[in-house]
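With compact mmCIF, C-alpha atoms inside, this is structure_30.txt:
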```
# COMPACT_ATOMS: atom_id res chain seq x y z
CA MET A 23 65.81 117.20 114.73
CA SER A 24 65.64 114.25 112.36
CA THR A 25 62.92 113.51 109.87
CA HIS A 26 62.35 110.26 111.76
CA ASN A 27 60.86 112.32 114.58
CA HIS A 28 57.84 113.00 112.41
CA PRO A 29 56.89 109.68 110.77
CA VAL A 30 54.78 110.89 107.88
CA GLN A 31 53.73 109.49 104.60
CA VAL A 32 56.09 111.82 102.77
CA SER A 33 59.16 109.61 102.36
CA SER A 34 57.56 107.92 99.35
CA LEU A 35 56.66 111.24 97.70
CA THR A 36 58.35 112.06 94.41
CA LYS A 37 60.01 115.44 93.96
CA LYS A 38 57.02 116.51 91.82
CA ASP A 39 54.51 115.47 94.53
CA MET A 40 56.55 117.33 97.13
CA LEU A 41 56.51 120.45 94.94
CA VAL A 42 52.74 120.15 94.43
CA SER A 43 52.23 119.72 98.20
CA ILE A 44 54.34 122.78 99.02
CA SER A 45 52.45 124.78 96.34
CA ILE A 46 49.09 123.84 97.91
CA ILE A 47 50.34 124.90 101.35
CA GLY A 48 51.63 128.11 99.71
CA LEU A 49 48.09 128.77 98.43
CA LEU A 50 46.77 128.22 101.97
CA PHE A 51 49.24 130.75 103.37
CA PHE A 52 48.16 133.24 100.68
CA ILE A 53 44.54 132.83 101.83
CA PHE A 54 45.58 133.15 105.52
CA GLY A 55 47.31 136.40 104.61
CA PHE A 56 44.42 137.77 102.61
CA VAL A 57 41.83 137.15 105.33
CA THR A 58 44.19 138.23 108.14
CA TRP A 59 45.81 141.41 106.86
CA ILE A 60 42.58 142.91 105.52
CA ASN A 61 42.03 143.79 109.22
CA ALA A 62 44.59 146.58 108.74
CA ILE A 63 42.03 148.45 106.62
CA LEU A 64 38.90 147.13 108.40
CA ILE A 65 40.02 148.72 111.70
CA PRO A 66 40.10 152.35 110.45
CA PHE A 67 37.11 151.66 108.14
CA PHE A 68 34.87 150.45 110.99
CA LYS A 69 36.25 153.21 113.25
CA VAL A 70 34.60 155.74 110.93
CA ALA A 71 31.60 153.72 109.70
CA CYS A 72 30.54 152.40 113.13
CA GLU A 73 31.65 155.52 115.10
CA LEU A 74 34.21 153.85 117.40
CA ASN A 75 37.11 154.95 119.60
CA ASN A 76 40.60 153.38 119.26
CA PHE A 77 39.91 150.64 121.83
CA GLU A 78 36.59 149.65 120.20
CA SER A 79 38.10 149.63 116.71
CA TYR A 80 40.83 147.18 117.82
CA LEU A 81 38.08 144.74 118.84
CA VAL A 82 38.30 143.80 115.12
CA ALA A 83 41.71 142.22 115.82
CA PHE A 84 40.54 140.86 119.19
CA ALA A 85 37.43 139.09 117.82
CA PHE A 86 39.42 137.62 114.93
CA TYR A 87 42.44 136.37 116.87
CA ILE A 88 40.87 135.30 120.15
CA ALA A 89 39.39 132.46 118.07
CA TYR A 90 42.90 130.97 117.98
CA LEU A 91 42.92 130.68 121.77
CA VAL A 92 39.45 129.11 121.81
CA MET A 93 39.90 126.78 118.83
CA SER A 94 43.52 125.67 118.57
CA LEU A 95 43.40 122.65 120.91
CA PRO A 96 39.96 121.53 119.63
CA ALA A 97 41.45 121.93 116.11
CA GLY A 98 44.22 119.48 117.07
CA TYR A 99 41.60 116.92 118.20
CA LEU A 100 39.51 117.53 115.05
CA LEU A 101 42.53 116.85 112.83
CA LYS A 102 43.28 113.71 114.85
CA LYS A 103 39.74 112.45 114.27
CA THR A 104 39.13 113.44 110.65
CA GLY A 105 42.64 113.51 109.23
CA PHE A 106 44.33 116.63 107.94
CA LYS A 107 42.57 117.05 104.59
CA LYS A 108 38.97 116.63 105.82
CA GLY A 109 39.80 118.86 108.79
CA MET A 110 41.12 121.57 106.47
CA MET A 111 37.96 121.33 104.36
CA CYS A 112 35.91 121.96 107.54
CA GLY A 113 38.17 124.93 108.30
CA PHE A 114 37.42 126.51 104.92
CA TRP A 115 33.68 125.99 105.34
CA VAL A 116 33.68 127.58 108.81
CA MET A 117 35.51 130.56 107.29
CA ALA A 118 32.86 130.76 104.55
CA LEU A 119 30.18 130.99 107.26
CA GLY A 120 32.12 133.85 108.90
CA ALA A 121 32.33 135.73 105.59
CA LEU A 122 28.57 135.25 105.05
CA LEU A 123 27.84 136.91 108.41
CA PHE A 124 29.21 140.14 106.92
CA VAL A 125 26.10 140.26 104.68
CA PRO A 126 23.48 140.81 107.44
CA ALA A 127 26.05 142.87 109.41
CA GLY A 128 26.55 145.20 106.42
CA LEU A 129 22.82 145.48 105.74
CA THR A 130 22.05 146.45 109.36
CA ARG A 131 25.32 148.26 110.33
CA THR A 132 25.67 146.03 113.39
CA TYR A 133 29.25 146.09 114.70
CA ALA A 134 28.61 143.13 117.05
CA LEU A 135 27.58 141.00 114.05
CA PHE A 136 30.74 142.02 112.17
CA LEU A 137 32.76 140.93 115.20
CA THR A 138 30.89 137.58 115.26
CA GLY A 139 31.75 137.11 111.57
CA LEU A 140 35.41 137.89 112.27
CA PHE A 141 35.44 135.46 115.22
CA THR A 142 33.97 132.72 112.97
CA LEU A 143 36.57 133.45 110.27
CA GLY A 144 39.23 133.15 112.97
CA ILE A 145 37.91 129.74 114.11
CA GLY A 146 38.16 128.38 110.56
CA LEU A 147 41.61 129.87 110.16
CA ALA A 148 42.80 128.32 113.44
CA ILE A 149 41.93 124.87 112.05
CA LEU A 150 43.81 125.57 108.82
CA GLN A 151 46.87 127.03 110.60
CA THR A 152 47.05 124.06 112.99
CA ALA A 153 47.19 121.76 109.95
CA ALA A 154 49.38 123.80 107.60
CA ASN A 155 52.36 124.70 109.82
CA PRO A 156 53.41 121.09 110.65
CA TYR A 157 53.40 120.36 106.90
CA ILE A 158 56.02 123.05 106.36
CA THR A 159 58.16 121.59 109.16
CA ILE A 160 58.14 118.07 107.67
CA LEU A 161 58.02 118.63 103.87
CA GLY A 162 61.81 118.66 103.46
CA PRO A 163 65.06 118.73 105.47
CA PRO A 164 64.73 120.21 109.00
CA GLU A 165 67.70 122.57 108.62
CA ARG A 166 65.87 124.23 105.70
CA ALA A 167 62.57 124.62 107.62
CA ALA A 168 63.12 128.38 108.06
CA GLN A 169 63.66 128.65 104.31
CA ARG A 170 60.31 126.94 103.62
CA PHE A 171 58.59 129.10 106.25
CA SER A 172 60.06 132.13 104.47
CA ILE A 173 58.50 131.03 101.17
CA MET A 174 55.15 130.60 102.95
CA GLY A 175 55.67 133.97 104.60
CA ILE A 176 56.08 135.58 101.17
CA CYS A 177 52.79 134.00 100.05
CA ASN A 178 51.16 135.29 103.27
CA LYS A 179 52.56 138.81 103.06
CA MET A 180 51.97 139.19 99.30
CA ALA A 181 48.31 138.57 100.07
CA GLY A 182 48.66 141.05 102.92
CA ILE A 183 49.92 143.70 100.50
CA LEU A 184 47.09 143.01 98.04
CA ALA A 185 44.26 142.70 100.59
CA PRO A 186 44.11 146.30 101.94
CA LEU A 187 44.70 147.72 98.43
CA LEU A 188 42.04 145.47 96.87
CA PHE A 189 39.61 146.21 99.73
CA ALA A 190 40.24 149.94 99.24
CA ALA A 191 39.75 149.61 95.46
CA VAL A 192 36.45 147.72 95.84
CA ILE A 193 35.00 149.49 98.90
CA LEU A 194 36.45 153.01 98.86
CA LYS A 195 36.08 155.81 96.31
CA PRO A 196 39.31 157.86 96.33
CA GLU A 197 37.76 160.96 94.78
CA THR A 198 35.09 161.37 97.50
CA ASP A 199 35.93 159.21 100.52
CA SER A 200 38.97 161.18 101.70
CA GLU A 201 36.75 164.22 102.30
CA LEU A 202 33.87 162.04 103.51
CA PHE A 203 36.00 160.49 106.27
CA LYS A 204 36.76 164.01 107.55
CA SER A 205 33.28 165.53 107.14
CA VAL A 206 31.20 162.60 108.50
CA VAL A 207 32.23 163.56 112.06
CA LEU A 208 30.47 166.89 111.61
CA MET A 209 27.24 165.40 110.20
CA LYS A 210 24.15 164.86 112.34
CA GLY A 211 20.90 162.90 112.40
CA ALA A 212 19.37 161.25 109.33
CA GLU A 213 22.04 162.56 106.92
CA LYS A 214 24.83 160.93 108.98
CA GLU A 215 22.88 157.65 109.31
CA ALA A 216 22.30 157.49 105.54
CA VAL A 217 25.97 158.16 104.72
CA LEU A 218 27.27 155.59 107.24
CA ASN A 219 24.72 152.94 106.16
CA GLU A 220 25.81 153.38 102.53
CA LEU A 221 29.49 153.15 103.55
CA VAL A 222 29.07 149.91 105.54
CA GLY A 223 26.73 148.39 102.93
CA ARG A 224 29.62 148.30 100.48
CA VAL A 225 31.12 145.21 102.19
CA VAL A 226 28.06 142.98 101.45
CA ILE A 227 28.78 141.83 97.87
CA PRO A 228 32.60 141.39 98.26
CA TYR A 229 32.19 139.20 101.38
CA ALA A 230 29.42 137.13 99.77
CA ALA A 231 31.87 136.43 96.91
CA VAL A 232 34.63 135.56 99.42
CA ALA A 233 32.27 133.04 101.10
CA LEU A 234 31.67 131.26 97.76
CA VAL A 235 35.42 131.08 97.02
CA LEU A 236 36.11 129.59 100.49
CA VAL A 237 33.51 126.82 99.97
CA LEU A 238 35.17 125.90 96.66
CA LEU A 239 38.65 125.92 98.24
CA GLY A 240 37.36 123.46 100.87
CA PHE A 241 36.55 120.97 98.11
CA LEU A 242 39.87 121.68 96.39
CA VAL A 243 42.01 120.86 99.45
CA ARG A 244 39.90 117.77 100.29
CA PHE A 245 40.62 116.20 96.91
CA SER A 246 44.19 117.52 96.53
CA PRO A 247 47.27 115.21 96.45
CA LEU A 248 48.49 116.46 99.87
CA PRO A 249 49.89 113.53 101.90
CA GLU A 250 48.25 112.67 105.22
CA ILE A 251 50.48 113.12 108.26
CA ASP A 252 50.84 110.19 110.64
CA THR A 253 51.83 111.64 114.02
CA GLU A 254 50.64 108.82 116.27
CA HIS A 255 53.84 106.77 116.01
CA GLU A 256 57.45 107.64 116.74
CA ASP A 257 60.73 105.80 116.44
CA LYS A 258 62.09 103.72 119.34
CA ASN A 259 64.81 106.20 120.39
CA LEU A 260 62.37 109.08 120.59
CA ALA A 261 59.78 106.92 122.38
CA ALA A 262 62.44 106.11 125.00
CA ASP A 263 63.26 109.83 125.39
CA HIS A 264 59.56 110.60 125.86
CA ALA A 265 58.85 107.77 128.32
CA GLY A 266 58.35 110.22 131.20
CA LYS A 267 56.47 112.82 129.16
CA LYS A 268 52.74 112.85 129.85
CA SER A 269 51.70 116.04 128.03
CA ILE A 270 52.98 118.89 125.89
CA LEU A 271 53.47 120.92 129.09
CA ASP A 272 56.47 118.65 129.83
CA PHE A 273 58.39 120.35 126.98
CA PRO A 274 59.66 123.76 128.21
CA HIS A 275 61.06 124.74 124.80
CA LEU A 276 57.56 124.26 123.35
CA VAL A 277 55.66 126.12 126.10
CA LEU A 278 58.14 129.02 126.02
CA GLY A 279 57.92 128.90 122.20
CA ALA A 280 54.13 129.34 122.35
CA LEU A 281 54.70 132.43 124.51
CA ALA A 282 57.27 133.64 121.95
CA ILE A 283 54.64 133.25 119.19
CA PHE A 284 52.20 135.24 121.40
CA PHE A 285 54.60 138.20 121.68
CA HIS A 286 55.82 137.94 118.08
CA VAL A 287 52.41 138.01 116.41
CA GLY A 288 51.17 140.65 118.85
CA SER A 289 54.03 143.01 117.98
CA GLN A 290 53.72 142.20 114.25
CA VAL A 291 49.98 142.93 114.11
CA ILE A 292 50.44 146.21 116.01
CA ALA A 293 53.01 147.32 113.42
CA VAL A 294 50.65 146.55 110.51
CA ASP A 295 47.22 147.35 111.98
CA SER A 296 48.10 150.57 113.81
CA ILE A 297 50.13 152.29 111.10
CA VAL A 298 47.16 153.80 109.18
CA ASN A 299 45.78 155.47 112.31
CA TYR A 300 49.25 156.56 113.43
CA ALA A 301 50.13 158.04 110.01
CA THR A 302 46.83 159.98 109.92
CA HIS A 303 47.57 161.16 113.47
CA GLN A 304 50.86 162.52 112.08
CA GLY A 305 48.87 164.62 109.57
CA MET A 306 48.61 162.28 106.58
CA ALA A 307 45.30 161.88 104.66
CA PHE A 308 43.57 158.50 105.13
CA MET A 309 43.67 157.70 101.38
CA GLU A 310 47.47 158.25 101.46
CA ALA A 311 48.00 156.37 104.74
CA LYS A 312 46.16 153.25 103.50
CA SER A 313 49.32 152.23 101.57
CA PHE A 314 51.45 151.93 104.70
CA PRO A 315 50.37 148.41 105.82
CA SER A 316 51.57 147.29 102.37
CA TYR A 317 54.94 149.03 102.90
CA THR A 318 55.35 147.28 106.25
CA LEU A 319 54.56 143.87 104.71
CA THR A 320 56.91 144.61 101.78
CA ALA A 321 59.69 145.13 104.36
CA THR A 322 58.77 141.70 105.79
CA ILE A 323 59.00 140.11 102.33
CA LEU A 324 62.45 141.65 101.88
CA GLY A 325 63.48 139.89 105.11
CA TYR A 326 62.05 136.59 103.82
CA LEU A 327 63.96 136.90 100.53
CA LEU A 328 67.20 137.45 102.45
CA GLY A 329 66.29 134.44 104.62
CA ILE A 330 65.72 132.23 101.57
CA SER A 331 69.03 133.40 100.07
CA PHE A 332 71.26 133.12 103.14
CA ILE A 333 69.74 130.38 105.39
CA PRO A 334 71.41 127.97 106.05
CA LYS A 335 74.33 128.76 103.70
CA LEU A 336 75.67 131.91 105.40
CA VAL A 337 73.48 132.31 108.49
CA SER A 338 71.78 129.66 110.64
CA GLN A 339 68.05 130.03 111.26
CA LEU A 340 68.87 130.54 114.96
CA MET A 341 71.27 133.42 114.21
CA ALA A 342 68.65 135.04 111.96
CA LEU A 343 66.17 134.81 114.85
CA LYS A 344 68.65 136.45 117.25
CA ILE A 345 69.37 139.31 114.81
CA CYS A 346 65.67 139.99 114.16
CA THR A 347 64.66 140.04 117.84
CA VAL A 348 67.41 142.51 118.77
CA LEU A 349 66.59 144.69 115.74
CA GLY A 350 62.90 144.72 116.78
CA LEU A 351 63.78 146.05 120.23
CA LEU A 352 66.03 148.77 118.77
CA LEU A 353 63.34 149.91 116.30
CA GLY A 354 60.74 149.97 119.11
CA LEU A 355 62.99 152.37 121.03
CA CYS A 356 63.51 154.49 117.88
CA ILE A 357 59.71 154.88 117.41
CA LEU A 358 59.43 156.21 120.95
CA PHE A 359 62.42 158.53 121.05
CA PHE A 360 63.02 159.93 117.53
CA GLU A 361 60.86 162.76 116.21
CA LYS A 362 61.54 164.52 112.89
CA ARG A 363 59.54 165.38 109.75
CA ILE A 364 61.10 163.82 106.66
CA ALA A 365 60.10 163.59 103.00
CA PHE A 366 60.70 160.04 101.80
CA PHE A 367 59.22 157.81 99.10
CA GLY A 368 56.77 160.58 98.10
CA HIS A 369 55.41 161.00 101.65
CA ASP A 370 56.04 163.86 104.08
CA THR A 371 55.64 162.49 107.60
CA ASP A 372 57.34 161.83 110.93
CA ILE A 373 60.37 159.50 110.82
CA SER A 374 58.71 157.25 113.44
CA VAL A 375 56.21 156.11 110.76
CA TRP A 376 59.14 154.68 108.78
CA PHE A 377 60.52 152.97 111.89
CA ILE A 378 57.16 151.16 112.14
CA VAL A 379 57.52 150.15 108.47
CA ALA A 380 61.04 148.85 109.27
CA LEU A 381 59.55 146.66 112.03
CA GLY A 382 58.18 144.59 109.15
CA PHE A 383 61.77 143.64 108.31
CA ALA A 384 62.64 142.87 111.95
CA ASN A 385 59.59 140.60 112.25
CA SER A 386 60.37 138.63 109.09
CA MET A 387 62.44 135.71 110.42
CA ILE A 388 60.96 135.38 113.91
CA TRP A 389 58.04 133.06 113.08
CA ALA A 390 60.31 130.95 110.84
CA GLY A 391 62.91 130.78 113.63
CA VAL A 392 60.57 129.92 116.52
CA TRP A 393 58.49 127.13 114.88
CA PRO A 394 61.30 124.61 114.17
CA LEU A 395 62.88 125.29 117.60
CA ALA A 396 59.57 124.84 119.45
CA LEU A 397 58.52 121.66 117.55
CA HIS A 398 61.98 120.07 117.87
CA ASN A 399 61.85 116.40 118.95
CA LEU A 400 58.14 116.36 119.87
CA GLY A 401 57.40 113.03 118.16
CA ARG A 402 53.83 111.91 118.85
CA PHE A 403 53.13 115.24 120.61
CA ILE A 404 53.58 117.26 117.41
CA LYS A 405 49.85 117.78 116.64
CA THR A 406 48.98 119.11 120.09
CA GLY A 407 52.33 120.94 120.12
CA ALA A 408 51.36 122.73 116.90
CA SER A 409 47.95 123.49 118.48
CA LEU A 410 49.67 125.12 121.46
CA LEU A 411 51.81 127.27 119.15
CA ILE A 412 48.69 128.30 117.21
CA MET A 413 47.09 129.27 120.53
CA GLY A 414 49.94 131.74 120.83
CA LEU A 415 48.32 133.61 117.93
CA CYS A 416 45.87 135.07 120.45
CA GLY A 417 48.69 137.58 121.03
CA ASN A 418 47.17 139.22 117.95
CA ALA A 419 43.97 139.67 119.99
CA VAL A 420 45.46 140.91 123.26
CA MET A 421 48.36 143.17 122.25
CA PRO A 422 46.43 145.51 119.86
CA LEU A 423 43.79 146.03 122.59
CA LEU A 424 46.55 147.04 125.02
CA TYR A 425 47.90 149.35 122.33
CA GLY A 426 44.40 150.80 121.68
CA TYR A 427 43.75 151.34 125.40
CA TRP A 428 47.12 153.08 125.84
CA ALA A 429 46.49 155.20 122.71
CA ASP A 430 43.12 156.39 124.09
CA HIS A 431 44.50 157.19 127.56
CA HIS A 432 47.93 158.59 126.62
CA ASN A 433 48.81 159.13 122.95
CA LEU A 434 49.44 157.08 119.82
CA ARG A 435 53.24 157.32 119.99
CA GLU A 436 53.49 156.38 123.69
CA ALA A 437 51.26 153.37 123.01
CA TYR A 438 54.21 151.74 121.20
CA TRP A 439 55.77 151.09 124.63
CA VAL A 440 53.84 147.79 124.47
CA LEU A 441 56.38 146.58 121.88
CA LEU A 442 59.33 146.65 124.29
CA PRO A 443 58.35 143.70 126.56
CA CYS A 444 57.42 141.73 123.41
CA TYR A 445 60.88 142.00 121.86
CA SER A 446 62.63 141.61 125.23
CA TYR A 447 60.95 138.21 125.72
CA LEU A 448 61.73 137.17 122.13
CA ILE A 449 65.42 137.96 122.76
CA PHE A 450 65.26 135.72 125.87
CA TYR A 451 63.75 132.83 123.84
CA ALA A 452 66.23 133.21 120.96
CA PHE A 453 69.30 133.26 123.20
CA TYR A 454 68.26 130.94 126.05
CA GLY A 455 64.64 129.73 126.31
CA HIS A 456 64.64 127.43 123.26
CA ARG A 457 67.43 125.31 124.83
CA LEU A 458 65.46 124.35 127.94
CA LYS A 459 64.60 120.65 127.72
CA SER A 460 63.33 120.21 131.29
CA TRP A 461 61.76 122.49 133.86
CA LYS A 462 64.22 121.14 136.47
CA SER A 463 67.56 120.85 134.69
CA ARG A 464 69.64 123.56 133.10
CA THR A 465 69.96 123.89 129.30
CA ASN A 466 71.65 121.10 127.45
```
Output the file's structure in the form of structure tokens.
Amino acid sequence: MSTHNHPVQVSSLTKKDMLVSISIIGLLFFIFGFVTWINAILIPFFKVACELNNFESYLVAFAFYIAYLVMSLPAGYLLKKTGFKKGMMCGFWVMALGALLFVPAGLTRTYALFLTGLFTLGIGLAILQTAANPYITILGPPERAAQRFSIMGICNKMAGILAPLLFAAVILKPETDSELFKSVVLMKGAEKEAVLNELVGRVVIPYAAVALVLVLLGFLVRFSPLPEIDTEHEDKNLAADHAGKKSILDFPHLVLGALAIFFHVGSQVIAVDSIVNYATHQGMAFMEAKSFPSYTLTATILGYLLGISFIPKLVSQLMALKICTVLGLLLGLCILFFEKRIAFFGHDTDISVWFIVALGFANSMIWAGVWPLALHNLGRFIKTGASLLIMGLCGNAVMPLLYGYWADHHNLREAYWVLLPCYSYLIFYAFYGHRLKSWKSRTN
């Protein structure tokens, strides 16, 4: 993959401008993480406050992430029409509207309205993700793309660590809520209604503040020094290679890469969003279990730091992808088949909870490995190619619902069977699928 494949207005950028651009994209990834990973605490919170079963509570993830399926291709066309910076401003403003919907939802305790707000947040985020990921691919040498994705991943996951803890600090009261979450099930009638209304009403002011911040960030990115990306032209050699290509579906490594993103994000979100419920199922108090999404994301950050240190000096980004996919499959099997109470890190729980935490590490280099492979040599197709990869994020919507359904009809541990086909496919893509350049010919 040569930088000539993506003719962008970045060649004239000074080192300082490049650093500023990467910092702005880093801020975007922090915001993606904050808005995304707060779902890990919203799921168990709404489960109690809106009286839901497992399947219904995972509609939080479904409503949020299905927006990626709906919006990713339109987002590509929007960016084509408006340019990247204006398009990103629109993305922030759509997110602000989604956050504002939490106000009437909180005042009326209407779960459907919360889901609408989450869907709207997801639409705005799909626009931003479609714009931000190609920047990371082209702002620097291609062989260091996984390194840059790792830096963005740290920004994303740091926000993910802070989001549930900050949400808990603002919304929950440790001294009373742990007992409240247990006793509310036994309450009846007007008393129960009053307690649940008060609980849900706590989200109103924080989300109104989030909406204001998102509007301001829209203005910030619009007038930032980010370079515009020109993806409508490609060099003569690449144009000759693409003479017979009519659409992005003519690139097997891209289509299979989008499916890899689907399974990767689906397995990643299950690890983070299910761990609170699973830990409480293993006998842990909710106020203790709420820290575990942060542990899982910390394990991911550890993987990113190793990636930044060793790629491409000691390990290629492809080898890192292969290692992580195989490790993910092994940990999935360990969750299912190992049962033992252990005291570790101040927590007394089943060892399988810590295997779920370790999945955070296994997931760390998969996104960073798949993106450069899937966008390789796309030329003028890169915008719609990025849109297709972002569509793969709907795996976050589908896989947790499958997990929730299985958890309701079998048990929470058995529900982790859904991870095995995810990692099996990712192993296929890492070892073979990314090399397919034509649906007819063999790999080259």
With distances taken over only C-alpha atoms, which of A:Leu161, A:Leu415, A:Ile173, A:Ala307 is nearest to A:Leu324?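 Looking only at the distances to A:Leu324, the closest residue turns out to be A:Ile173.
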Name the closest residue to A:Met40 among the candidates A:Ile388, A:Cys177, A:Cys346, A:Leu248; distances are taken between atoms, counting only C-alpha atoms. A:Leu248
For the contact check between stretch 50-72 of chain A and stretch 220-243 of chain A, emit one row per residue of stretch 50-72 of chain A within 10 Å, containing the shortest atom pair and the distance in Å rounded to one decimal, counting all atoms listed in the file, chain then rising number order, as CSV.
```
residue,atom,partner,partner_atom,distance
A:Leu50,CA,A:Val243,CA,9.1
A:Ile53,CA,A:Leu236,CA,9.1
A:Val57,CA,A:Val232,CA,9.4
A:Phe67,CA,A:Val222,CA,8.6
A:Phe68,CA,A:Val222,CA,8.0
A:Val70,CA,A:Leu221,CA,9.3
A:Ala71,CA,A:Val222,CA,6.2
A:Cys72,CA,A:Val222,CA,8.1
```
Could you check which of A:Leu64, A:Ile357, A:Val42, A:Ala185 is closest to A:Leu442, using all atoms listed in the file?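 Once distances to A:Leu442 are computed over all atoms listed in the file, the minimum belongs to A:Ile357.
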Could you check how far atom CA of A:Met93 sits from atom CA of A:Val294, in Å to one decimal?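 Computing the Euclidean distance for atom CA of A:Met93 and atom CA of A:Val294 yields 24.0 Å.
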Exercise: stretch 446-456 of chain A partners within 6 Å, only C-alpha atoms, chain neighbours under 3 positions left out, as a PyMOL selection string: chain A and resi 275+282+344+347+443
Please determine, counting all atoms listed in the file, which residue among A:Ala62, A:Ile46, A:Leu123, A:Ile297 has the shortest atom-to-atom distance to A:Met110.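 Ranked by minimum distance to A:Met110, first place goes to A:Ile46.
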Looking at only C-alpha atoms, which of A:Val277, A:Glu73, A:His398, A:Ser313 is the one that sits closest to A:His369?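 Closest candidate: A:Ser313.
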Using only C-alpha atoms, which of A:Asn299, A:Ser246, A:Asn385, A:Thr152 sits nearest A:Leu100?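 Selected residue with least distance to A:Leu100: A:Thr152.
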If I take atom CA of A:Ile283 and atom CA of A:Gly414, how far is one from the other in Å, to one decimal? 5.2 Å
Reconstruct N, CA and C atoms of stretch 441-460 of chain A; output as a PDB file, in the coordinates of the input.
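That gives us result_22.pdb:
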```
ATOM      1  N   LEU A 441      55.476 147.419 122.688  1.00  0.00           N
ATOM      2  CA  LEU A 441      56.380 146.580 121.880  1.00  0.00           C
ATOM      3  C   LEU A 441      57.612 146.128 122.661  1.00  0.00           C
ATOM      4  N   LEU A 442      58.042 146.928 123.633  1.00  0.00           N
ATOM      5  CA  LEU A 442      59.330 146.650 124.290  1.00  0.00           C
ATOM      6  C   LEU A 442      59.347 145.325 125.062  1.00  0.00           C
ATOM      7  N   PRO A 443      58.318 145.020 125.907  1.00  0.00           N
ATOM      8  CA  PRO A 443      58.350 143.700 126.560  1.00  0.00           C
ATOM      9  C   PRO A 443      58.234 142.546 125.564  1.00  0.00           C
ATOM     10  N   CYS A 444      57.544 142.785 124.433  1.00  0.00           N
ATOM     11  CA  CYS A 444      57.420 141.730 123.410  1.00  0.00           C
ATOM     12  C   CYS A 444      58.796 141.322 122.888  1.00  0.00           C
ATOM     13  N   TYR A 445      59.571 142.318 122.435  1.00  0.00           N
ATOM     14  CA  TYR A 445      60.880 142.000 121.860  1.00  0.00           C
ATOM     15  C   TYR A 445      61.879 141.559 122.925  1.00  0.00           C
ATOM     16  N   SER A 446      61.731 142.052 124.147  1.00  0.00           N
ATOM     17  CA  SER A 446      62.630 141.610 125.230  1.00  0.00           C
ATOM     18  C   SER A 446      62.453 140.111 125.487  1.00  0.00           C
ATOM     19  N   TYR A 447      61.195 139.639 125.515  1.00  0.00           N
ATOM     20  CA  TYR A 447      60.950 138.210 125.720  1.00  0.00           C
ATOM     21  C   TYR A 447      61.481 137.395 124.541  1.00  0.00           C
ATOM     22  N   LEU A 448      61.271 137.906 123.321  1.00  0.00           N
ATOM     23  CA  LEU A 448      61.730 137.170 122.130  1.00  0.00           C
ATOM     24  C   LEU A 448      63.254 137.032 122.135  1.00  0.00           C
ATOM     25  N   ILE A 449      63.953 138.053 122.625  1.00  0.00           N
ATOM     26  CA  ILE A 449      65.420 137.960 122.760  1.00  0.00           C
ATOM     27  C   ILE A 449      65.774 136.847 123.756  1.00  0.00           C
ATOM     28  N   PHE A 450      65.036 136.780 124.878  1.00  0.00           N
ATOM     29  CA  PHE A 450      65.260 135.720 125.870  1.00  0.00           C
ATOM     30  C   PHE A 450      65.088 134.339 125.227  1.00  0.00           C
ATOM     31  N   TYR A 451      64.012 134.157 124.445  1.00  0.00           N
ATOM     32  CA  TYR A 451      63.750 132.830 123.840  1.00  0.00           C
ATOM     33  C   TYR A 451      64.845 132.483 122.819  1.00  0.00           C
ATOM     34  N   ALA A 452      65.232 133.465 122.008  1.00  0.00           N
ATOM     35  CA  ALA A 452      66.230 133.210 120.960  1.00  0.00           C
ATOM     36  C   ALA A 452      67.594 132.844 121.534  1.00  0.00           C
ATOM     37  N   PHE A 453      67.955 133.479 122.652  1.00  0.00           N
ATOM     38  CA  PHE A 453      69.300 133.260 123.200  1.00  0.00           C
ATOM     39  C   PHE A 453      69.337 132.148 124.258  1.00  0.00           C
ATOM     40  N   TYR A 454      68.214 131.871 124.908  1.00  0.00           N
ATOM     41  CA  TYR A 454      68.260 130.940 126.050  1.00  0.00           C
ATOM     42  C   TYR A 454      67.055 129.986 126.106  1.00  0.00           C
ATOM     43  N   GLY A 455      65.852 130.520 126.028  1.00  0.00           N
ATOM     44  CA  GLY A 455      64.640 129.730 126.310  1.00  0.00           C
ATOM     45  C   GLY A 455      64.454 128.501 125.441  1.00  0.00           C
ATOM     46  N   HIS A 456      64.856 128.567 124.169  1.00  0.00           N
ATOM     47  CA  HIS A 456      64.640 127.430 123.260  1.00  0.00           C
ATOM     48  C   HIS A 456      65.493 126.221 123.635  1.00  0.00           C
ATOM     49  N   ARG A 457      66.532 126.432 124.471  1.00  0.00           N
ATOM     50  CA  ARG A 457      67.430 125.310 124.830  1.00  0.00           C
ATOM     51  C   ARG A 457      66.973 124.543 126.053  1.00  0.00           C
ATOM     52  N   LEU A 458      65.929 125.035 126.733  1.00  0.00           N
ATOM     53  CA  LEU A 458      65.460 124.350 127.940  1.00  0.00           C
ATOM     54  C   LEU A 458      64.716 123.067 127.577  1.00  0.00           C
ATOM     55  N   LYS A 459      65.222 121.938 128.035  1.00  0.00           N
ATOM     56  CA  LYS A 459      64.600 120.650 127.720  1.00  0.00           C
ATOM     57  C   LYS A 459      63.844 120.074 128.929  1.00  0.00           C
ATOM     58  N   SER A 460      64.043 120.673 130.098  1.00  0.00           N
ATOM     59  CA  SER A 460      63.330 120.210 131.290  1.00  0.00           C
ATOM     60  C   SER A 460      63.139 121.395 132.213  1.00  0.00           C
TER      61      SER A 460
END
```
